[in-house]
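Shown next: run27.cif, given as mmCIF, C-alpha atoms.
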```cif
data_run
loop_
_atom_site.label_atom_id
_atom_site.label_comp_id
_atom_site.auth_asym_id
_atom_site.auth_seq_id
_atom_site.Cartn_x
_atom_site.Cartn_y
_atom_site.Cartn_z
CA MET A 1 0.00 0.00 0.00
CA GLN A 2 2.73 2.48 0.93
CA ALA A 3 4.72 1.67 -2.17
CA SER A 4 1.71 2.38 -4.41
CA HIS A 5 0.68 5.54 -2.56
CA ILE A 6 1.58 8.72 -4.48
CA PRO A 7 1.09 11.93 -2.46
CA VAL A 8 -0.80 14.56 -4.45
CA LEU A 9 1.07 17.76 -5.43
CA LEU A 10 3.95 16.67 -3.20
CA ASP A 11 6.60 19.00 -4.61
CA ARG A 12 4.34 22.06 -4.53
CA VAL A 13 3.14 21.36 -0.98
CA SER A 14 6.74 20.95 0.20
CA ALA A 15 7.80 24.16 -1.56
CA LEU A 16 5.00 26.09 0.11
CA LEU A 17 5.57 24.79 3.64
CA THR A 18 9.34 24.36 4.00
CA PRO A 19 10.17 28.12 4.11
CA ALA A 20 8.33 28.24 7.44
CA LEU A 21 10.06 25.16 8.86
CA GLY A 22 13.76 25.90 8.67
CA GLN A 23 14.35 27.19 12.19
CA PRO A 24 15.25 24.79 15.05
CA GLY A 25 12.24 23.64 16.99
CA ALA A 26 9.80 24.11 14.11
CA VAL A 27 6.60 22.09 14.37
CA ALA A 28 4.38 21.00 11.48
CA VAL A 29 0.94 19.47 11.81
CA ASP A 30 -0.32 17.00 9.24
CA ALA A 31 -3.99 17.10 10.15
CA THR A 32 -4.90 14.28 7.76
CA LEU A 33 -1.86 12.02 8.02
CA GLY A 34 -3.17 9.11 5.98
CA LEU A 35 -0.31 6.96 4.72
CA GLY A 36 2.20 9.68 5.59
CA GLY A 37 3.50 10.57 2.14
CA HIS A 38 3.63 14.35 2.61
CA ALA A 39 4.89 13.93 6.17
CA GLU A 40 7.72 11.67 5.06
CA ALA A 41 8.93 14.19 2.48
CA LEU A 42 9.00 17.02 5.04
CA LEU A 43 10.73 14.94 7.71
CA ARG A 44 13.43 13.75 5.31
CA GLU A 45 14.08 17.23 3.94
CA LEU A 46 14.13 18.87 7.39
CA PRO A 47 16.09 16.72 9.87
CA GLU A 48 15.23 18.93 12.85
CA LEU A 49 11.52 19.16 12.12
CA ARG A 50 9.01 17.93 14.69
CA LEU A 51 5.72 16.68 13.25
CA VAL A 52 2.31 16.06 14.80
CA GLY A 53 0.18 13.68 12.73
CA LEU A 54 -3.58 13.34 13.18
CA ASP A 55 -5.88 10.82 11.58
CA ARG A 56 -9.29 9.45 12.48
CA ASP A 57 -8.46 6.12 10.81
CA PRO A 58 -6.47 3.74 13.06
CA GLN A 59 -5.41 1.67 10.06
CA ALA A 60 -3.87 4.74 8.45
CA LEU A 61 -2.08 5.62 11.67
CA ALA A 62 -0.59 2.14 11.90
CA ALA A 63 0.64 2.36 8.30
CA SER A 64 2.13 5.84 8.79
CA ARG A 65 3.90 4.74 11.99
CA ASP A 66 5.77 2.16 9.93
CA ARG A 67 6.51 4.61 7.14
CA LEU A 68 7.81 7.31 9.49
CA ASP A 69 9.82 4.99 11.73
CA PHE A 70 13.02 6.59 10.41
CA ALA A 71 12.02 9.79 12.26
CA ALA A 72 11.18 8.14 15.58
CA GLY A 73 11.34 10.71 18.35
CA ARG A 74 10.34 13.55 16.04
CA VAL A 75 6.76 12.46 15.32
CA GLU A 76 3.70 12.49 17.57
CA PHE A 77 0.72 10.43 16.38
CA ALA A 78 -2.87 11.16 17.42
CA HIS A 79 -6.02 9.17 16.72
CA ALA A 80 -8.18 12.25 16.27
CA VAL A 81 -10.38 14.09 13.79
CA TYR A 82 -8.79 17.26 12.49
CA ASP A 83 -11.15 19.61 14.29
CA GLU A 84 -9.55 18.24 17.47
CA LEU A 85 -6.23 19.83 16.49
CA PRO A 86 -6.28 22.40 19.34
CA ASP A 87 -6.87 19.68 21.94
CA VAL A 88 -4.07 17.53 20.52
CA LEU A 89 -1.62 20.44 20.57
CA ASP A 90 -2.68 21.44 24.08
CA GLY A 91 -2.09 17.89 25.25
CA LEU A 92 1.45 18.07 23.86
CA GLY A 93 2.12 21.49 25.39
CA ILE A 94 2.40 23.16 21.97
CA ARG A 95 0.90 26.64 21.74
CA THR A 96 1.77 27.59 18.15
CA VAL A 97 3.08 25.75 15.10
CA GLN A 98 4.89 26.72 11.93
CA ALA A 99 2.86 24.74 9.38
CA VAL A 100 -0.45 22.94 8.99
CA LEU A 101 -1.38 20.64 6.12
CA PHE A 102 -4.83 19.33 5.22
CA ASP A 103 -5.14 16.67 2.52
CA LEU A 104 -8.91 16.30 2.55
CA GLY A 105 -11.27 13.64 1.33
CA VAL A 106 -10.98 9.88 1.26
CA SER A 107 -7.49 8.37 1.48
CA SER A 108 -5.81 5.84 -0.81
CA LEU A 109 -5.96 3.28 1.98
CA GLN A 110 -9.72 3.72 2.33
CA LEU A 111 -10.38 3.66 -1.41
CA ASP A 112 -8.26 0.57 -2.01
CA THR A 113 -9.59 -1.52 0.90
CA ASP A 114 -12.73 -3.18 -0.43
CA ASP A 115 -14.45 -3.84 2.88
CA ARG A 116 -14.36 -0.13 3.77
CA GLY A 117 -17.06 0.47 1.15
CA PHE A 118 -15.81 3.76 -0.33
CA ALA A 119 -15.44 2.65 -3.97
CA TYR A 120 -18.57 2.48 -6.10
CA SER A 121 -16.73 0.47 -8.79
CA ARG A 122 -16.50 -2.66 -6.58
CA ASP A 123 -19.15 -4.49 -4.59
CA ALA A 124 -18.50 -4.05 -0.88
CA PRO A 125 -20.33 -3.46 2.40
CA LEU A 126 -21.92 0.00 2.58
CA ASP A 127 -19.72 1.26 5.40
CA MET A 128 -17.79 4.44 4.41
CA ARG A 129 -16.64 5.26 7.95
CA MET A 130 -13.21 6.90 8.00
CA ASP A 131 -12.99 5.76 11.61
CA PRO A 132 -14.27 2.16 11.69
CA THR A 133 -15.28 2.67 15.32
CA GLY A 134 -17.75 5.39 14.34
CA PRO A 135 -21.42 4.87 15.18
CA ARG A 136 -23.07 5.26 11.77
CA THR A 137 -22.51 3.63 8.37
CA ALA A 138 -23.75 4.48 4.90
CA ALA A 139 -26.15 1.54 5.15
CA ASP A 140 -27.63 3.05 8.31
CA ILE A 141 -28.34 6.30 6.47
CA LEU A 142 -29.88 4.58 3.44
CA ASN A 143 -32.07 2.35 5.58
CA THR A 144 -33.27 4.87 8.19
CA TYR A 145 -33.40 8.40 6.73
CA ASP A 146 -36.79 9.47 5.42
CA GLU A 147 -37.12 10.41 1.76
CA ALA A 148 -36.83 14.17 2.31
CA SER A 149 -33.71 13.79 4.46
CA LEU A 150 -32.07 11.49 1.93
CA ALA A 151 -32.80 13.93 -0.87
CA ARG A 152 -31.34 16.77 1.19
CA VAL A 153 -28.10 14.83 1.77
CA LEU A 154 -27.74 13.92 -1.91
CA ARG A 155 -28.51 17.43 -3.10
CA ARG A 156 -26.36 19.25 -0.52
CA TYR A 157 -23.31 17.02 -0.32
CA GLY A 158 -23.37 15.36 -3.75
CA GLU A 159 -24.78 18.29 -5.72
CA GLU A 160 -26.95 15.62 -7.30
CA PRO A 161 -29.55 17.10 -9.70
CA PHE A 162 -31.72 13.97 -9.44
CA ALA A 163 -31.62 13.76 -5.65
CA ARG A 164 -35.38 13.43 -5.22
CA ARG A 165 -35.67 10.64 -7.79
CA ILE A 166 -32.82 8.69 -6.22
CA ALA A 167 -34.16 9.17 -2.69
CA ALA A 168 -37.62 7.95 -3.73
CA ALA A 169 -36.08 4.90 -5.41
CA VAL A 170 -34.02 4.10 -2.30
CA VAL A 171 -37.08 4.28 -0.01
CA ALA A 172 -39.09 2.03 -2.34
CA GLU A 173 -36.27 -0.48 -2.72
CA ARG A 174 -35.40 -0.72 0.98
CA ALA A 175 -39.01 -1.67 1.72
CA ARG A 176 -38.29 -4.93 -0.08
CA SER A 177 -34.89 -5.49 1.55
CA PRO A 178 -32.45 -3.27 3.47
CA PHE A 179 -29.34 -2.00 1.67
CA THR A 180 -26.11 -3.73 2.65
CA THR A 181 -23.73 -3.57 -0.34
CA SER A 182 -22.49 -0.96 -2.78
CA ALA A 183 -23.27 -2.72 -6.08
CA ARG A 184 -27.01 -2.71 -5.40
CA LEU A 185 -26.95 1.02 -4.62
CA ALA A 186 -24.87 1.84 -7.69
CA GLU A 187 -27.28 -0.05 -9.91
CA LEU A 188 -30.30 1.65 -8.33
CA VAL A 189 -28.79 5.10 -8.96
CA ARG A 190 -28.10 4.20 -12.59
CA ALA A 191 -31.70 3.07 -13.06
CA ALA A 192 -33.19 6.09 -11.25
CA ILE A 193 -31.69 8.85 -13.36
CA PRO A 194 -32.65 9.69 -16.96
CA ALA A 195 -30.89 7.76 -19.70
CA ALA A 196 -29.40 10.94 -21.17
CA ALA A 197 -27.73 11.76 -17.86
CA ARG A 198 -26.12 8.31 -17.75
CA ARG A 199 -24.21 8.91 -20.95
CA THR A 200 -21.96 11.71 -19.62
CA GLY A 201 -20.05 12.59 -16.49
CA GLY A 202 -18.62 9.20 -15.55
CA ASN A 203 -20.22 6.75 -13.16
CA PRO A 204 -23.68 8.10 -12.22
CA ALA A 205 -23.26 6.79 -8.64
CA LYS A 206 -20.26 9.04 -7.97
CA ARG A 207 -22.25 11.95 -6.52
CA THR A 208 -24.41 9.69 -4.37
CA PHE A 209 -21.41 7.93 -2.87
CA GLN A 210 -19.70 11.26 -2.19
CA ALA A 211 -22.79 12.58 -0.43
CA LEU A 212 -23.16 9.50 1.76
CA ARG A 213 -19.47 9.55 2.69
CA ILE A 214 -19.63 13.21 3.70
CA GLU A 215 -22.77 12.59 5.78
CA VAL A 216 -21.34 9.49 7.49
CA ASN A 217 -18.17 11.32 8.52
CA ALA A 218 -19.66 14.81 9.05
CA GLU A 219 -16.79 16.03 6.87
CA LEU A 220 -17.98 19.55 6.13
CA GLU A 221 -19.04 20.28 9.71
CA VAL A 222 -15.64 19.10 10.91
CA LEU A 223 -13.83 21.17 8.28
CA ASP A 224 -15.85 24.26 9.19
CA ARG A 225 -14.50 24.00 12.74
CA ALA A 226 -11.00 22.84 11.82
CA LEU A 227 -9.99 25.63 9.42
CA PRO A 228 -10.29 28.59 11.83
CA ALA A 229 -8.88 26.49 14.67
CA SER A 230 -5.76 25.65 12.67
CA LEU A 231 -5.29 29.23 11.47
CA ASP A 232 -5.44 30.38 15.09
CA ARG A 233 -2.54 28.09 16.04
CA LEU A 234 -0.12 29.30 13.36
CA ALA A 235 2.76 31.46 14.56
CA VAL A 236 3.74 34.59 12.65
CA GLY A 237 5.50 33.31 9.53
CA GLY A 238 3.60 30.02 9.80
CA ARG A 239 1.92 28.58 6.73
CA ILE A 240 -1.17 26.52 5.94
CA ALA A 241 -1.72 24.40 2.83
CA VAL A 242 -5.04 22.71 2.01
CA LEU A 243 -5.73 20.15 -0.69
CA ALA A 244 -9.44 19.87 -1.51
CA TYR A 245 -11.01 17.40 -3.91
CA HIS A 246 -14.50 18.70 -4.59
CA SER A 247 -16.14 22.09 -4.89
CA LEU A 248 -17.84 22.02 -1.49
CA GLU A 249 -14.53 21.65 0.34
CA ASP A 250 -12.73 24.12 -1.88
CA ARG A 251 -15.36 26.82 -1.39
CA MET A 252 -15.07 26.43 2.38
CA VAL A 253 -11.28 26.78 2.20
CA LYS A 254 -11.61 29.81 -0.07
CA ARG A 255 -14.00 31.51 2.37
CA ALA A 256 -11.86 30.74 5.42
CA LEU A 257 -8.75 32.22 3.79
CA ALA A 258 -10.66 35.22 2.45
CA GLU A 259 -11.73 35.98 6.01
CA VAL A 260 -8.15 36.29 7.29
CA ILE A 261 -6.59 38.10 4.31
CA THR A 262 -9.23 40.85 4.36
CA THR A 263 -9.03 43.95 6.52
CA LYS A 264 -11.74 44.46 9.11
CA ALA A 265 -11.78 48.22 8.48
CA PRO A 266 -14.59 49.84 6.45
CA PRO A 267 -13.63 49.93 2.76
CA ASP A 268 -13.92 53.74 2.51
CA LEU A 269 -11.17 54.45 5.09
CA PRO A 270 -7.92 55.78 3.54
CA VAL A 271 -5.86 53.94 6.17
CA VAL A 272 -6.30 50.72 8.08
CA PRO A 273 -6.36 51.21 11.86
CA ALA A 274 -3.95 49.10 13.88
CA GLY A 275 -5.65 45.90 14.87
CA ALA A 276 -7.77 45.81 11.71
CA GLU A 277 -5.00 44.73 9.33
CA PRO A 278 -5.21 41.33 7.61
CA THR A 279 -3.38 38.66 9.59
CA PHE A 280 -2.56 36.43 6.59
CA ARG A 281 -1.44 36.74 2.98
CA LEU A 282 -2.16 34.31 0.16
CA LEU A 283 0.63 32.14 -1.21
CA THR A 284 -1.34 30.87 -4.18
CA ARG A 285 -3.27 32.71 -6.85
CA GLY A 286 -6.67 31.10 -6.64
CA SER A 287 -6.45 27.33 -6.38
CA GLN A 288 -3.65 25.34 -7.99
CA ALA A 289 -4.28 22.10 -9.87
CA ALA A 290 -1.97 19.20 -10.62
CA SER A 291 -0.09 19.23 -13.90
CA GLU A 292 -1.08 17.00 -16.79
CA ALA A 293 2.02 14.91 -16.15
CA GLU A 294 1.07 14.35 -12.52
CA VAL A 295 -2.52 13.46 -13.37
CA THR A 296 -1.25 10.94 -15.92
CA ALA A 297 0.98 9.36 -13.28
CA ASN A 298 -1.59 9.64 -10.50
CA PRO A 299 -5.21 9.96 -11.73
CA ARG A 300 -6.42 10.68 -8.20
CA ALA A 301 -4.72 14.06 -8.46
CA ALA A 302 -7.10 15.18 -11.22
CA SER A 303 -9.65 16.81 -8.91
CA ALA A 304 -7.16 18.24 -6.39
CA ARG A 305 -7.14 21.98 -5.71
CA LEU A 306 -4.43 23.50 -3.53
CA ARG A 307 -4.67 26.76 -1.58
CA ALA A 308 -2.12 28.18 0.86
CA ALA A 309 -1.56 31.20 3.06
CA GLU A 310 1.00 32.63 5.51
CA ARG A 311 0.41 34.44 8.81
CA VAL A 312 1.98 37.89 8.56
CA ARG A 313 0.96 39.35 11.91
CA PRO A 314 -0.47 38.13 15.21
CA PRO A 315 -4.20 38.28 15.94
CA ALA A 316 -5.52 41.72 16.81
CA ASP A 317 -5.97 40.82 20.48
CA THR A 318 -2.35 39.78 21.05
CA ASP A 319 0.95 41.59 20.92
CA ARG A 320 4.01 40.11 19.26
CA THR A 321 5.04 38.24 22.39
CA GLY A 322 1.62 36.62 22.68
CA GLY A 323 0.34 38.90 25.44
CA GLN A 324 -3.23 40.13 25.46
CA VAL A 325 -3.78 43.71 24.35
CA GLY A 326 -7.56 43.70 24.10
CA ARG A 327 -7.94 45.92 27.19
CA ARG A 328 -5.40 48.56 26.21
CA ARG A 329 -6.76 52.04 25.78
CA ARG A 330 -7.17 52.96 22.13
CA GLU A 331 -4.71 55.86 22.35
CA ASN A 332 -1.94 53.45 23.41
CA LEU A 333 -2.21 51.34 20.29
CA PRO A 334 0.39 51.75 17.48
CA PRO A 335 -0.31 54.40 14.81
CA SER A 336 -2.59 53.52 11.93
CA ARG A 337 -0.91 51.97 8.92
CA LEU A 338 -1.57 52.21 5.23
CA ARG A 339 -3.86 49.51 3.89
CA PRO A 340 -1.54 46.58 2.96
CA PRO A 341 -2.00 44.41 -0.12
CA SER A 342 -2.98 40.75 0.20
CA SER A 343 -1.02 39.25 -2.67
CA PRO A 344 -0.03 35.71 -3.56
CA GLU A 345 3.61 34.75 -3.21
CA GLY A 346 5.62 36.11 -6.09
CA SER A 347 2.73 38.04 -7.59
CA ARG A 348 0.64 41.16 -7.18
CA GLY A 349 -3.02 41.19 -6.33
CA GLY A 350 -5.14 38.08 -6.67
CA THR A 351 -8.06 36.61 -4.81
CA PRO A 352 -8.54 33.22 -3.15
#
```

Before anything else, please render the file you have as structure tokens.
Amino acid sequence: MQASHIPVLLDRVSALLTPALGQPGAVAVDATLGLGGHAEALLRELPELRLVGLDRDPQALAASRDRLDFAAGRVEFAHAVYDELPDVLDGLGIRTVQAVLFDLGVSSLQLDTDDRGFAYSRDAPLDMRMDPTGPRTAADILNTYDEASLARVLRRYGEEPFARRIAAAVVAERARSPFTTSARLAELVRAAIPAAARRTGGNPAKRTFQALRIEVNAELEVLDRALPASLDRLAVGGRIAVLAYHSLEDRMVKRALAEVITTKAPPDLPVVPAGAEPTFRLLTRGSQAASEAEVTANPRAASARLRAAERVRPPADTDRTGGQVGRRRRENLPPSRLRPPSSPEGSRGGTP
């Protein structure tokens, strides 16, 4: 498994994060450790780097422990979902870090293990739990959600235009026999949508499987909490890189970064008051995709979109030593500064 695992956009991710990791004592967090491909590259390139790796999947953690054995003593492993990042760091006595990486979505290990139920191209149990100890499977959702709730999940998380038709077909079919395996669901989806829609866009079950996986693992709710929490833990000069694999994730990342690269001052002010300056700058212009050569070598990179940013100043309620300044009188704050640009690395202007 490790030998066949190809980390997505590995060189670009390393190039974005390593400038923040050169100083002694630097700490990087891989919030979605998986099989440890990105982590391995950083640890080999930076022999003094300390890395904290989180993953909700105990099988992935076991595999990454073996892969990262060469860096024993420099890696802390945590069986945790990535919105638990602050708790993990607090437990290790780490206040701030120099880099955070998110490689979102389903991992190679999960896709390639048939009994995990993530792949719609092979018949397998309808599980889809990233953490096999989780309480709810895809089969549970299919067999217990009412028609309206199923349609909502398919429409919201799969962006499925035929959500209502598929949900109605699921409810009718489960009355005859509960859903247990993926092949039956994939065939039902194919039969439920119009024939014209089946001729384009790849496997018609793709959106349904994505929606169920997101619902099972509460992926978007977790990401909504994890992004601001990780940004808060970055030191000045620290960097975040996020790989997203579908539009729902990427839009959330775009919004989270837009929030921290934008001044809080009214747009008509000629200067930005101290404390209202952006705290981050973009390192990428929009989202970056894998090259044609990489997609050819690793088809799973085709949908990847990479965004990154760097903290350029501490939060408004802290000074540069980490002390609270929220109660200082306004006249004691530093003078107002000209409105700074929020530009991608090596370029001018740009939006997330």

Check: When you draw a straight line from atom CA of A:Arg225 to atom CA of A:Gly158, how long is it in Å?
Finding: 20.6 Å

For the provided coordinates, the residues matched by the PyMOL selection byres ((chain A and resi 152-156) around 10) should be stated as a PDB file with C-alpha atoms, in the coordinates of the input.
```pdb
ATOM      1  CA  ILE A 141     -28.340   6.300   6.470  1.00  0.00           C
ATOM      2  CA  TYR A 145     -33.400   8.400   6.730  1.00  0.00           C
ATOM      3  CA  GLU A 147     -37.120  10.410   1.760  1.00  0.00           C
ATOM      4  CA  ALA A 148     -36.830  14.170   2.310  1.00  0.00           C
ATOM      5  CA  SER A 149     -33.710  13.790   4.460  1.00  0.00           C
ATOM      6  CA  LEU A 150     -32.070  11.490   1.930  1.00  0.00           C
ATOM      7  CA  ALA A 151     -32.800  13.930  -0.870  1.00  0.00           C
ATOM      8  CA  TYR A 157     -23.310  17.020  -0.320  1.00  0.00           C
ATOM      9  CA  GLY A 158     -23.370  15.360  -3.750  1.00  0.00           C
ATOM     10  CA  GLU A 159     -24.780  18.290  -5.720  1.00  0.00           C
ATOM     11  CA  GLU A 160     -26.950  15.620  -7.300  1.00  0.00           C
ATOM     12  CA  PRO A 161     -29.550  17.100  -9.700  1.00  0.00           C
ATOM     13  CA  PHE A 162     -31.720  13.970  -9.440  1.00  0.00           C
ATOM     14  CA  ALA A 163     -31.620  13.760  -5.650  1.00  0.00           C
ATOM     15  CA  ARG A 164     -35.380  13.430  -5.220  1.00  0.00           C
ATOM     16  CA  ILE A 166     -32.820   8.690  -6.220  1.00  0.00           C
ATOM     17  CA  ALA A 167     -34.160   9.170  -2.690  1.00  0.00           C
ATOM     18  CA  ARG A 207     -22.250  11.950  -6.520  1.00  0.00           C
ATOM     19  CA  THR A 208     -24.410   9.690  -4.370  1.00  0.00           C
ATOM     20  CA  PHE A 209     -21.410   7.930  -2.870  1.00  0.00           C
ATOM     21  CA  GLN A 210     -19.700  11.260  -2.190  1.00  0.00           C
ATOM     22  CA  ALA A 211     -22.790  12.580  -0.430  1.00  0.00           C
ATOM     23  CA  LEU A 212     -23.160   9.500   1.760  1.00  0.00           C
ATOM     24  CA  ILE A 214     -19.630  13.210   3.700  1.00  0.00           C
ATOM     25  CA  GLU A 215     -22.770  12.590   5.780  1.00  0.00           C
ATOM     26  CA  LEU A 248     -17.840  22.020  -1.490  1.00  0.00           C
TER      27      LEU A 248
END
```

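Our summary of the geometry notes that atom CA of A:Gln98 is positioned 9.4 Å from atom CA of A:Gly25.
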
Contact table stretch 60-103 of chain A vs stretch 289-312 of chain A, cut-off 10 Å, shortest pair per residue, all atoms listed in the file, as JSON lines:
```
{"residue": "A:Gln98", "atom": "CA", "partner": "A:Arg311", "partner_atom": "CA", "distance": 9.5}
{"residue": "A:Ala99", "atom": "CA", "partner": "A:Glu310", "partner_atom": "CA", "distance": 9.0}
{"residue": "A:Val100", "atom": "CA", "partner": "A:Ala308", "partner_atom": "CA", "distance": 9.8}
{"residue": "A:Leu101", "atom": "CA", "partner": "A:Ala308", "partner_atom": "CA", "distance": 9.2}
{"residue": "A:Phe102", "atom": "CA", "partner": "A:Leu306", "partner_atom": "CA", "distance": 9.7}
{"residue": "A:Asp103", "atom": "CA", "partner": "A:Leu306", "partner_atom": "CA", "distance": 9.2}
```

Can you write out the residues you just picked, keeping C-alpha atoms, as a CSV table (one decimal), keeping the file's coordinate frame?
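Written file, part35.csv:
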```csv
chain,number,residue,atom,x,y,z
A,98,GLN,CA,4.9,26.7,11.9
A,99,ALA,CA,2.9,24.7,9.4
A,100,VAL,CA,-0.4,22.9,9.0
A,101,LEU,CA,-1.4,20.6,6.1
A,102,PHE,CA,-4.8,19.3,5.2
A,103,ASP,CA,-5.1,16.7,2.5
```

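Taking atom CA of A:Pro315 and atom CA of A:Thr279 as the two end points, the separation is 6.4 Å.
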
Next item on the list: Carefully work through the PyMOL selection byres ((chain A and resi 129) around 12) for this structure and note down the residues it includes, as a ChimeraX atom specification.
Entry: /A:56-59,105-107,110-111,115-118,125-128,130-141,212-219

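Between A:Leu142 and the residues A:Val171, A:Ala258, A:Val97, A:Leu17, the shortest atom-to-atom distance, using only C-alpha atoms, involves A:Val171.
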
Next item on the list: Please provide as an MDAnalysis selection string all residues within 9 Å of A:Arg313, with the sequence filter that same-chain residues fewer than 5 positions apart are discarded (counting all atoms listed in the file).
Entry: chainID A and resid 235:237 277:280 320

Notebook entry, point to check: Closest to A:Ile240 among A:Met252, A:Ala274, A:Ala183, A:Val29, using all atoms listed in the file?
Noted result: A:Val29

Decode the PyMOL selection byres ((chain A and resi 249) around 10) for the given file into explicit residues and return them as a PDB file with C-alpha atoms, in the coordinates of the input.
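Here's the written file selection.pdb:
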```pdb
ATOM      1  CA  LEU A 104      -8.910  16.300   2.550  1.00  0.00           C
ATOM      2  CA  GLY A 105     -11.270  13.640   1.330  1.00  0.00           C
ATOM      3  CA  TYR A 157     -23.310  17.020  -0.320  1.00  0.00           C
ATOM      4  CA  GLU A 219     -16.790  16.030   6.870  1.00  0.00           C
ATOM      5  CA  LEU A 220     -17.980  19.550   6.130  1.00  0.00           C
ATOM      6  CA  LEU A 223     -13.830  21.170   8.280  1.00  0.00           C
ATOM      7  CA  ASP A 224     -15.850  24.260   9.190  1.00  0.00           C
ATOM      8  CA  VAL A 242      -5.040  22.710   2.010  1.00  0.00           C
ATOM      9  CA  LEU A 243      -5.730  20.150  -0.690  1.00  0.00           C
ATOM     10  CA  ALA A 244      -9.440  19.870  -1.510  1.00  0.00           C
ATOM     11  CA  TYR A 245     -11.010  17.400  -3.910  1.00  0.00           C
ATOM     12  CA  HIS A 246     -14.500  18.700  -4.590  1.00  0.00           C
ATOM     13  CA  SER A 247     -16.140  22.090  -4.890  1.00  0.00           C
ATOM     14  CA  LEU A 248     -17.840  22.020  -1.490  1.00  0.00           C
ATOM     15  CA  ASP A 250     -12.730  24.120  -1.880  1.00  0.00           C
ATOM     16  CA  ARG A 251     -15.360  26.820  -1.390  1.00  0.00           C
ATOM     17  CA  MET A 252     -15.070  26.430   2.380  1.00  0.00           C
ATOM     18  CA  VAL A 253     -11.280  26.780   2.200  1.00  0.00           C
ATOM     19  CA  LYS A 254     -11.610  29.810  -0.070  1.00  0.00           C
ATOM     20  CA  ARG A 305      -7.140  21.980  -5.710  1.00  0.00           C
TER      21      ARG A 305
END
```

Selection: 6 Å around stretch 199-206 of chain A, all atoms listed in the file, excl. self and same-chain fewer than 2 positions, as a compact mmCIF listing (two decimals) with C-alpha atoms, in the frame of the given file:
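The result, written out as out_38.txt:
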```txt
# COMPACT_ATOMS: atom_id res chain seq x y z
CA ALA A 186 -24.87 1.84 -7.69
CA VAL A 189 -28.79 5.10 -8.96
CA ARG A 190 -28.10 4.20 -12.59
CA ALA A 196 -29.40 10.94 -21.17
CA ALA A 197 -27.73 11.76 -17.86
CA THR A 208 -24.41 9.69 -4.37
CA PHE A 209 -21.41 7.93 -2.87
```

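With distances taken over all atoms listed in the file, A:Glu84 is the one residue among A:Arg74, A:Leu257, A:Ala26, A:Glu84 lying closest to A:Leu54.
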